[in-house]
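S.K.: Quick one: structure below, then a few questions.
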Protein chains: 2
Amino acid sequence: MADPATIGDVARHAGVSKSTVSNVVRRADVVSAPTRERVEDAIRDLGYRPNGVARALRQRTTHVIGAVVPDQRNPFYAQLALGAERRARDEGFGLLIANTGCDLETESAQIAALLERRVDAVLVAGLCAGSHAAEHIADRGVPVLLGGFRTEAGERVGVVDVDEEGALDALVAHLQGLGHTRLAFARGALREAGGERRERAFAQAVARRGLDRVEPGDEPTAVVAHDDTVAIEQIGRLERTGCRVPRDVSVVGFDDIPLASHERIALTTVRTDAAALGARSVELLIAASRSGAPASTRESHPWQLVLRASTAGARPR
Amino acid sequence: MADPATIGDVARHAGVSKSTVSNVVRRADVVSAPTRERVEDAIRDLGYRPNGVARALRQRTTHVIGAVVPDQRNPFYAQLALGAERRARDEGFGLLIANTGCDLETESAQIAALLERRVDAVLVAGLCAGSHAAEHIADRGVPVLLGGFRTEAGERVGVVDVDEEGALDALVAHLQGLGHTRLAFARGALREAGGERRERAFAQAVARRGLDRVEPGDEPTAVVAHDDTVAIEQIGRLERTGCRVPRDVSVVGFDDIPLASHERIALTTVRTDAAALGARSVELLIAASRSGAPASTRESHPWQLVLRASTAGARPR
DNA sequence: ATGAAAGCGCTAACAG
DNA sequence: CTGTTAGCGCTTTCAT
């Protein structure tokens with residue numbers, strides 16, 4: 001494990017100063033052609049690769065973004081994180097991923113670790129219910145942005161989300177149009193901050209439309225799930241207890257994960273572009289970190305109702 | 001964006017030297033109680049958090065591991081990466097994730113970026129077919145390990161995989177037992193190095209058992225897929241063309257992703273513990289990075305045949 | 001166009 | 001037990 005060559009080694013080898021090597025490496029066009037060539041040869045000879053840690057210390061910027069997710073296995077977060085990672089990479093940034101499992105203690109430890117590593121910004125794709133972690137990050141002067149969901153957060157916390165109120169209303173309207181009147185909401189297993197918003201939007205849509213909200217166990221004719229993963233689980237649960245979907249119960253999801261369009265699942269859902277949410281979040285975070293200002297932009301991305309075979313006309317019970 | 005307090009600020013505030021602060025922070029129990037308290041108060045007053053970048057530069061270790069995956073959306077990689085991240089976190093390490101899409105150029109750029117960031121080790125969970133990237137990492141003196149697959153690689157590249165030959169033989173044996181004789185192998189979309197091994201193992205099992213290998217389009221009675229994701233796609237593709245699974249064609253996967261056990265999918269597959277593979281890989285990598293030696297351990301983890309409803313007796317054609 | 005010098009914030013000998 | 005010193009490898013004025 002030979003120590004890698006340093007800029008000093010290159011300078012010595014090429015017979016120039018460290019500053020000149022630095023100028024060559026950073027493509028500063030101040031170096032004369034012959035000198036540049038000598039330096040480039042030396043770099044090649046020694047297999048020199050700049051040390052990003054030293055650079056980060058000096059420049060006070062790591063070019064790394066932290067991504068806080070409840071669980072990267074969830075297809076929505078996976079997609080969002082991939083979009084984020086791609087965009088980050090395109091901009092010369094790395095992505096440090098931190099799963100929290102929506103556990104408050106883990107969450108704060110993970111965030112502390114990211115901050116200690118001096119990430120340039122933090123993309124928060126999900127938070128524990130009731131957590132104020134995003135604001136604490138902002139307090140530290142680090143750009144932070146909620147990507148893919150929204151909670152109450154101060155001015156200094158950006159948001160890139162989708163209009164969940166509108167989407168849930170569209171879902172409920174669709175079910176109402178099919179004659180459903182007993183609707184239930186199925187929460188996810190994780191206690192995510194975003195879950196409360198969806199559930200509230202569901203409750204409001206149901207109330208506004210004069211429908212009945214019942215518990216999932218209380219024989220609803222339609223189940224609105226927190227997301228597609230939960231919806232697919234619900235289909236399994238329902239069919240295990242003898243109900244057929246959509247014959248007896250309709251089920252709708254949220255996100256339109258790849259599997260939702262599979263023939264065996266065919267889930268009616270709301271499509272969101274998770275990769276775009278992730279990419280856009282990173283874009284805003286990088287801009288903020290460059291400008292030294294908080295990432296305070298707030299924007300909602302569009303959604304689209306996708307009708308498939310998991311919903312059908314209500315069956316009189 | 002006030003600059004965060006440094007160790008010097010704390011030292012001044014507490015009226016001690018930087019080394020003493022450093023000793024307190026690192027819990028070196030060499031500091032007297034009264035001094036330690038003064039320092040701790042100063043730390044609290046100033047909201048001091050050590051700068052990991054400076055520490056990394058000085059200690060020549062970042063406590064960050066790079067994870068190279070073809071696509072983190074694939075449930076197998078997602079699970080493996082999660083297992084890796086958890087273990088890393090438990091050991092005080094961070095995980096920098098790099099997706100390659102199995103594109104050679106992207107792969108080498110991502111690895112170069114990881115190395116430039118001076119990750120302490122690299123967990124490679126998938127490589128482009130024909131890539132020698134792992135050995136190049138080892139050449140740089142950075143511990144590297146193939147997690148979840150295996151390719152030809154030199155001594156200095158560790159491996160934590162599963163016995164795919166055995167697993168594929170078990171899968172083929174199971175199909176043979178059901179009377180299948182025309183078997184096809186369905187590759188994944190990504191050109192992963194690991195794909196060749198599975199396909200080869202399949203081909204050998206088929207040949208050894210005197211069965212016929214046909215192409216997926218050539219009316220096989222059973223399809224062996226590269227992994228569960230591919231298997232589920234195959235079920236969709238087959239049913240779209242009028243075949244029923246398993247009535248007309250049996251399908252088996254690999255990995256036992258969460259969805260494989262869903263009632264609507266019920267995939268016969270081989271279970272591997274992706275999270276354990278990831279965790280173990282990280283464990284070995286950290287040990288290697290601590291010892292300064294390559295991560296040269298090679299071990300295979302067990303697999304388990306899981307019989308579900310996607311396989312049934314062959315139907316005469 | 002190039003070089004010398006001064007740190008970024010921290011740790012690790014080594015003195016005292 | 002505490003302080004002094006000397007860097008880690010790089011960028012960045014500032015001279016020359």
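Ligands are numbered from 1 in the order shown, chains are lettered A, B, ... in the order of the structure tokens, and residues start at 1 in each chain.
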Just the residues within 7 Å of Ala225 (chain B), please, counting only C-alpha atoms (C1' of nucleotides), with nothing from its chain fewer than 2 positions along; format it as a list of chain:residue names.
M.R.: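 With the cut-off at 7 Å, the set is B:Phe185, B:Ala186, B:Arg187, B:Val223, B:Asp227, B:Asp228, B:Val230, B:Ala231, B:Val252, B:Gly253.
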S.K.: Grab the residues selected above and save them as a PDB file, in the first residue's frame with C-alpha atoms.
M.R.:
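Listed below is the output, result_31.pdb:
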```
ATOM      1  CA  PHE B 185     -32.094 -18.489 -19.391  1.00  0.00           C
ATOM      2  CA  ALA B 186     -33.260 -14.890 -19.204  1.00  0.00           C
ATOM      3  CA  ARG B 187     -30.491 -12.351 -18.843  1.00  0.00           C
ATOM      4  CA  VAL B 223     -37.409 -20.012 -17.740  1.00  0.00           C
ATOM      5  CA  ASP B 227     -32.617 -12.607 -10.779  1.00  0.00           C
ATOM      6  CA  ASP B 228     -36.057 -12.071  -9.316  1.00  0.00           C
ATOM      7  CA  VAL B 230     -35.915 -10.337 -14.375  1.00  0.00           C
ATOM      8  CA  ALA B 231     -38.110 -13.276 -13.439  1.00  0.00           C
ATOM      9  CA  VAL B 252     -37.691 -19.204 -11.394  1.00  0.00           C
ATOM     10  CA  GLY B 253     -35.710 -16.272 -10.083  1.00  0.00           C
TER      11      GLY B 253
END
```
S.K.: Please report as a ChimeraX atom specification which residues of chain B come no farther than 9 Å from chain C, using only C-alpha atoms (C1' of nucleotides).
M.R.: /B:6-8,19,22,50-59
S.K.: What residues in chain D lie within 9 Å of chain A, counting only C-alpha atoms (C1' of nucleotides), written as a PyMOL selection string?
M.R.: chain D and resi 8-12
S.K.: Any idea which chain A residues end up within 8 Å of chain B if we count only C-alpha atoms, as a ChimeraX atom specification please?
M.R.: /A:1-2,4,49-54,56-57,71-73,75,78-79,82,85-86,94-99,113,116-118,140-142,233,236,239-240,262-265,292-293
S.K.: Hey, what does DSSP flag as helix (DSSP H, G or I) within region 25-268 of chain A? Can you give it to me as a ChimeraX atom specification?
M.R.: /A:25,33-46,52-59,75-90,104-116,133-139,164-177,193-208,228-240,258-261
S.K.: Excluding Leu305 (chain B) and residues on its chain fewer than 3 positions from it, collect all residues at most 9 Å away from it, counting only C-alpha atoms (C1' of nucleotides), and give them as a list in words.
M.R.: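 Skipping anything fewer than 3 positions along the chain leaves Ala167, Ala170, Leu171, Thr268, Thr269, Val270 and Arg271 of chain B.
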S.K.: Within region 27-242 of chain A, find each residue whose DSSP state, derived from the backbone, is strand (DSSP E), and express the selection as number ranges by chain.
M.R.: A: 64-69, 94-99, 121-124, 144-147, 157-162, 182-186, 212-214, 222-225
S.K.: Restricting it to N, CA and C atoms, dump the selection as a tab-separated table (two decimals), in the first residue's frame.
M.R.:
```
chain	number	residue	atom	x	y	z
A	64	VAL	N	-19.56	17.00	-1.60
A	64	VAL	CA	-20.34	15.81	-1.24
A	64	VAL	C	-21.67	16.29	-0.68
A	65	ILE	N	-22.72	15.61	-1.07
A	65	ILE	CA	-24.04	15.93	-0.56
A	65	ILE	C	-24.53	14.75	0.25
A	66	GLY	N	-25.15	15.02	1.36
A	66	GLY	CA	-25.70	13.95	2.18
A	66	GLY	C	-27.15	13.71	1.79
A	67	ALA	N	-27.53	12.45	1.74
A	67	ALA	CA	-28.93	12.12	1.42
A	67	ALA	C	-29.51	11.32	2.58
A	68	VAL	N	-30.52	11.87	3.21
A	68	VAL	CA	-31.17	11.21	4.34
A	68	VAL	C	-32.45	10.56	3.85
A	69	VAL	N	-32.51	9.24	3.93
A	69	VAL	CA	-33.72	8.54	3.51
A	69	VAL	C	-34.18	7.60	4.62
A	94	GLY	N	-20.42	14.01	-4.90
A	94	GLY	CA	-20.68	12.65	-4.47
A	94	GLY	C	-21.90	12.63	-3.57
A	95	LEU	N	-22.46	11.45	-3.36
A	95	LEU	CA	-23.65	11.34	-2.51
A	95	LEU	C	-23.39	10.35	-1.38
A	96	LEU	N	-23.49	10.86	-0.18
A	96	LEU	CA	-23.31	10.04	1.01
A	96	LEU	C	-24.70	9.67	1.48
A	97	ILE	N	-24.99	8.38	1.54
A	97	ILE	CA	-26.37	7.99	1.83
A	97	ILE	C	-26.54	7.57	3.28
A	98	ALA	N	-27.62	8.04	3.89
A	98	ALA	CA	-27.86	7.76	5.30
A	98	ALA	C	-29.30	7.30	5.50
A	99	ASN	N	-29.47	6.05	5.88
A	99	ASN	CA	-30.81	5.52	6.17
A	99	ASN	C	-31.14	5.75	7.63
A	121	ALA	N	-24.19	20.04	1.53
A	121	ALA	CA	-25.64	20.25	1.62
A	121	ALA	C	-26.30	18.93	1.97
A	122	VAL	N	-27.53	18.99	2.41
A	122	VAL	CA	-28.24	17.77	2.79
A	122	VAL	C	-29.60	17.71	2.09
A	123	LEU	N	-29.80	16.60	1.40
A	123	LEU	CA	-31.09	16.32	0.78
A	123	LEU	C	-31.85	15.40	1.73
A	124	VAL	N	-32.95	15.88	2.23
A	124	VAL	CA	-33.74	15.08	3.15
A	124	VAL	C	-34.94	14.53	2.39
A	144	VAL	N	-30.23	22.90	3.10
A	144	VAL	CA	-31.01	21.68	3.29
A	144	VAL	C	-32.34	21.83	2.57
A	145	LEU	N	-32.82	20.71	2.11
A	145	LEU	CA	-34.00	20.71	1.24
A	145	LEU	C	-34.77	19.42	1.46
A	146	LEU	N	-36.08	19.55	1.57
A	146	LEU	CA	-36.92	18.37	1.65
A	146	LEU	C	-37.24	17.93	0.22
A	147	GLY	N	-36.88	16.74	-0.12
A	147	GLY	CA	-37.11	16.26	-1.49
A	147	GLY	C	-38.15	15.17	-1.50
A	157	VAL	N	-35.48	26.18	4.88
A	157	VAL	CA	-35.52	24.80	4.40
A	157	VAL	C	-36.29	24.77	3.08
A	158	GLY	N	-35.61	24.39	2.01
A	158	GLY	CA	-36.27	24.32	0.70
A	158	GLY	C	-37.18	23.11	0.60
A	159	VAL	N	-38.03	23.10	-0.38
A	159	VAL	CA	-38.94	21.97	-0.59
A	159	VAL	C	-39.12	21.71	-2.08
A	160	VAL	N	-38.99	20.47	-2.45
A	160	VAL	CA	-39.31	20.05	-3.82
A	160	VAL	C	-40.25	18.87	-3.64
A	161	ASP	N	-41.52	19.11	-3.82
A	161	ASP	CA	-42.47	18.04	-3.55
A	161	ASP	C	-43.50	17.93	-4.65
A	162	VAL	N	-44.55	17.17	-4.41
A	162	VAL	CA	-45.66	17.12	-5.35
A	162	VAL	C	-46.91	17.57	-4.60
A	182	ARG	N	-67.16	3.74	1.31
A	182	ARG	CA	-66.44	3.38	2.53
A	182	ARG	C	-64.95	3.26	2.21
A	183	LEU	N	-64.24	4.30	2.52
A	183	LEU	CA	-62.81	4.31	2.17
A	183	LEU	C	-61.92	4.23	3.41
A	184	ALA	N	-60.82	3.52	3.25
A	184	ALA	CA	-59.86	3.43	4.35
A	184	ALA	C	-58.50	3.90	3.86
A	185	PHE	N	-57.69	4.36	4.79
A	185	PHE	CA	-56.33	4.77	4.46
A	185	PHE	C	-55.37	3.77	5.10
A	186	ALA	N	-54.43	3.28	4.32
A	186	ALA	CA	-53.44	2.34	4.87
A	186	ALA	C	-52.10	3.04	5.01
A	212	ASP	N	-67.52	8.14	3.62
A	212	ASP	CA	-67.23	7.62	4.96
A	212	ASP	C	-65.79	7.14	5.04
A	213	ARG	N	-65.12	7.56	6.10
A	213	ARG	CA	-63.79	7.03	6.34
A	213	ARG	C	-63.89	5.91	7.35
A	214	VAL	N	-63.35	4.77	7.01
A	214	VAL	CA	-63.36	3.64	7.95
A	214	VAL	C	-61.93	3.14	8.12
A	222	ALA	N	-62.90	0.39	-0.56
A	222	ALA	CA	-61.70	0.85	-1.26
A	222	ALA	C	-60.64	1.25	-0.24
A	223	VAL	N	-59.40	0.94	-0.58
A	223	VAL	CA	-58.29	1.29	0.31
A	223	VAL	C	-57.34	2.22	-0.43
A	224	VAL	N	-57.06	3.35	0.20
A	224	VAL	CA	-56.08	4.28	-0.33
A	224	VAL	C	-54.81	4.08	0.48
A	225	ALA	N	-53.74	3.71	-0.20
A	225	ALA	CA	-52.52	3.40	0.53
A	225	ALA	C	-51.54	4.57	0.49
```
S.K.: In Å, how far is it from CA of Thr20 (chain A) to CA of Glu37 (chain A)?
M.R.: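 A separation of 11.6 Å between them.
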S.K.: Rounded to one decimal, what separation in Å do you get between CA of Arg198 (chain A) and CA of His132 (chain A)?
M.R.: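 Distance reported for this atom pair: 18.7 Å.
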